[in-house]
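Contents: one structure, followed by commentary.
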Amino acid sequence: GKKVFNVGKDLSSQNGSAIDVLGNVPSVNVSPTGVINLRGNSNVQVMINGRRSALTQSQALDQISSDAIESIEVITNPSAKFDASGSSGIINIILKKNRKSGMNGQVRLVAGIPDDYRVFGNINYKANKFNFFTNFGIRYTDYEGTYTKQQTTENNGIITFLNQNEDENRHDDGKMYYIGTDYSFNDKNMVTVAFYRNETEDTDVTYVNYDFSNSDTKTQSLFTIGNSKEKRNYNQIEANYTKTFDKKGRLFTMDFQYDFWNSEKKWGLITNETFPTNTNKTTIQTKGTGETNDLAFQTDYKTPINESINLEGGAKFESRNISNYFLAEQLVNNKFETIDNIDNTLKYNEKITSSYIQLNGKKNKISYQFGLRLENTDISIDASDNSLNSKNTYINLFPSATFGYEFKENLRGQLSYSKRISRPSLWFLSPFYELKDFTARFTGNPNLKPTYSDAFEVSFVYNINKLRLSPSVYYLNSKDVIQFETRKNGNDVFIQSPINLDKEKRYGFELSASFSPLKWLRLNSDFNLFSYKQNGIIDEKDAAFSDETWFVNFTTNIKISNTTRMQTSFYYRGEQSNAQITTEPIKRLNFGISKNILKNKGSIIFNASNILNSQIDKQQITGLNYKIYQERSRNAQRFSLSFVYKFNQKSSDKNRRANRSNRN
């Protein structure tokens, strides 16, 4: 019930981050602003090694090097064994844990344009009962972003125009290491302990021009310079115990994970009027700090009932505590004063207790799986603004069922169902916002409800000669689906915030194909067509809406010689709309080529991403008495060259258990 994408075989993302890798995974697409979608649906649960992690939040995936990733698992209709979060499914990022015998490893040096310098490596030593492993990385990276906006507003018959242009220069410094050990007490008992740390320091500079006019006559021009610095460090401690038994197929595991993370970000904004006068208008500074502590403990047990039936069960406890502080100040008479009482602290506490049981088996050509998951969720918000305080406790049952049938040796089919939930994140709930742009703001909605979904899917896998086809048809029925609303306040500032629509029905067809017509040529394609129908209220108006869209990802792999490979990847997404926003089509072209050297111990890899510089998010937002057209390009073209050297690479130890119990 899952698709596995091997990162090591994907040339076009080898010099990038986890976001670059996800952009090439079938069924997955990443917007120019970094939003991850599964089959066009952003309600997806992204995991690291089978667990929720702060590394998947916000833009943290940019900090994970593609070198640290072994594979990506895409599970569109998860069983009860998995967390119920994510209405469209689960994307599971598996980090590398070297399993080679003896002392071995590799190092990668990367240089790119815009300035991009990285060093990555891993070292592994395995002997007797011990296995030591480590991954490390250092990076110095620049990013270039451009954003434009044309806005028309009508107030009391007077039309005002705004033409806005923003250049963003981002610079990130990062250090990462992942170190751990496996210890085998005997052939049936094994323990793994590991520690992960990621430190980043981001320095951003933005330049924004605002030109206001009435009836094509300029009335005012403003220029803003923004400087920000953010420091983050993320730490993760994980431990696993795995026990096997004399009875084949019986397995018991225990997993522990503790995450602690903090960040501090400071913004400074200076706005000057350049027309009709040259004067200083405002000086604003903001400060935001965040701290997270996550604890998870899980046990799983699997045992065969007979030769064809297996029983699985488990329990999990997860606690997440997040503290968020935000302060906004404006310089008045040479003294900073708080803006609109924006001096707030918010604490978010979430506890999820769950258990599951599932039965799976096979008889002749029929396979089946039945599961039931129970989750108790307890969420509380404690804020300095008492009106935001809330507590919410709910208990849910999440059933799942799968039926498979093997029509013949090269044709299999499957029918599956699961019930899912999407809980709003703190970023969606917190009403505190950055004052980066005085004409537009984002604010969370503390009244958001979780989204519940029923997912149905029929899929097939067909192999003939060198062709592999995987068609599927799916249906998703969601209640209280989360979508963004744009509205204008009394000061002509546009506020974007998430809201709950009443419901959404989504129908889709997906076709994944792989074809190798020649020994040196492999073609892969993923096509997805879906329609959706929504009902609800946006900006106090009926938002009933229906539309359809599609996307395709096409990859060509060419073996030029025994030592040289080349890959191109093309992605296209059609126009997509809802009641307020129309998003224009988008396309992206990537290229990669590699050559083995030094008797195959080394490789030189060249990558070019977003070659056409076409990965631009173009949107038209229409509301009562206003229209906004905006283009957002978060990352321009990127080119990189890397050198990889591998030492003492030996064959894998087949007796070593990977013990990815929670990786499912």
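We label chains A, B, ... in the order they appear in the structure tokens, count residues from 1 in each chain, and number ligands from 1 in the order shown.
Near A:Asp216, within 10 Å and counting only C-alpha atoms, sit Ile159, Thr160 and Phe161 of chain A, not including residues fewer than 5 positions from it in the same chain.
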- Note on the structure: One residue among A:Gln285, A:Ser453, A:Gln620, A:Asn77 is nearest to A:Gln414 when using only C-alpha atoms, and that residue is A:Asn77
- Query: Which of these residues is nearest to A:Pro399, using only C-alpha atoms: A:Ala80, A:Ile357, A:Ala315, A:Ile381?
  - Reply: A:Ala80
- Per-residue DSSP, stretch 342-562 of chain A, filtered to alpha helix (DSSP H), as a ChimeraX atom specification: /A:426-429
- Query: Got a sec: who's within 7 Å of A:Gly102, counting only C-alpha atoms, leaving out chain neighbours fewer than 2 positions off, as number ranges by chain?
  - Reply: A: 100, 104, 125-127
Given the selection you just returned, output its residues as a file containing C-alpha atoms, formatted as a compact mmCIF listing (two decimals), in the first residue's frame.
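The resulting file, again38.txt, is reproduced below:
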# COMPACT_ATOMS: atom_id res chain seq x y z
CA LYS A 100 27.94 -1.72 5.40
CA ASN A 104 33.32 2.73 5.34
CA TYR A 125 32.00 1.16 11.52
CA LYS A 126 30.56 -2.28 12.17
CA ALA A 127 32.29 -5.06 14.09
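Close contacts of A:Gln151, defined as residues with an atom at most 8 Å away when counting only C-alpha atoms, with chain neighbours fewer than 5 positions off set aside, comprise Phe161, Leu162, Asn163, Tyr626, Lys627, Ile628 and Tyr629 of chain A.
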- If we count only C-alpha atoms, what is near A:Asn389 at a cut-off of 10 Å, once residues fewer than 3 positions away on the same chain are taken out, given as an MDAnalysis selection string? chainID A and resid 346:348 380:386 446
- Task: Quick one: everything within 12 Å of A:Lys149, counting only C-alpha atoms, minus sequence neighbours fewer than 2 positions away in the same chain. Send it as a PyMOL selection string.
- Result: chain A and resi 146-147+151-152+161-166+208-212+437+439-440+617-621+627-633
- Query: Where in stretch 539-622 of chain A does DSSP assign strand (DSSP E or B), given as an NGL selection string?
  - Reply: :A and (541-542 or 545-559 or 564-573 or 576-577 or 581-583 or 586-597 or 602-609 or 617-622)
- Might you pull out every residue within 10 Å of stretch 463-474 of chain A, with only C-alpha atoms counted and same-chain residues fewer than 2 positions away left off, and present them as a ChimeraX atom specification? /A:76-77,409-417,455-461,476,506-519,522-530
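Proximity ranking of A:Pro424, A:Gly623, A:Pro450, A:Gly40 relative to A:Glu485 places A:Gly623 first, based on only C-alpha atoms.
Minimum distance to A:Asp259 across A:Asn489, A:Asn293, A:Gln150, A:Ser319 (counting only C-alpha atoms) occurs at A:Asn293.
The spacing separating atom CA of A:Ile616 from atom CA of A:Gln576 amounts to 14.0 Å.
Candidate residues A:Asn535, A:Asn477, A:Thr286, A:Thr141 were compared for distance to A:Lys419, and the nearest is A:Asn477, using only C-alpha atoms.
If you measure from each of A:Phe195, A:Tyr356, A:Tyr368, A:Trp267 to A:Phe398 using only C-alpha atoms, the closest one turns out to be A:Tyr356.
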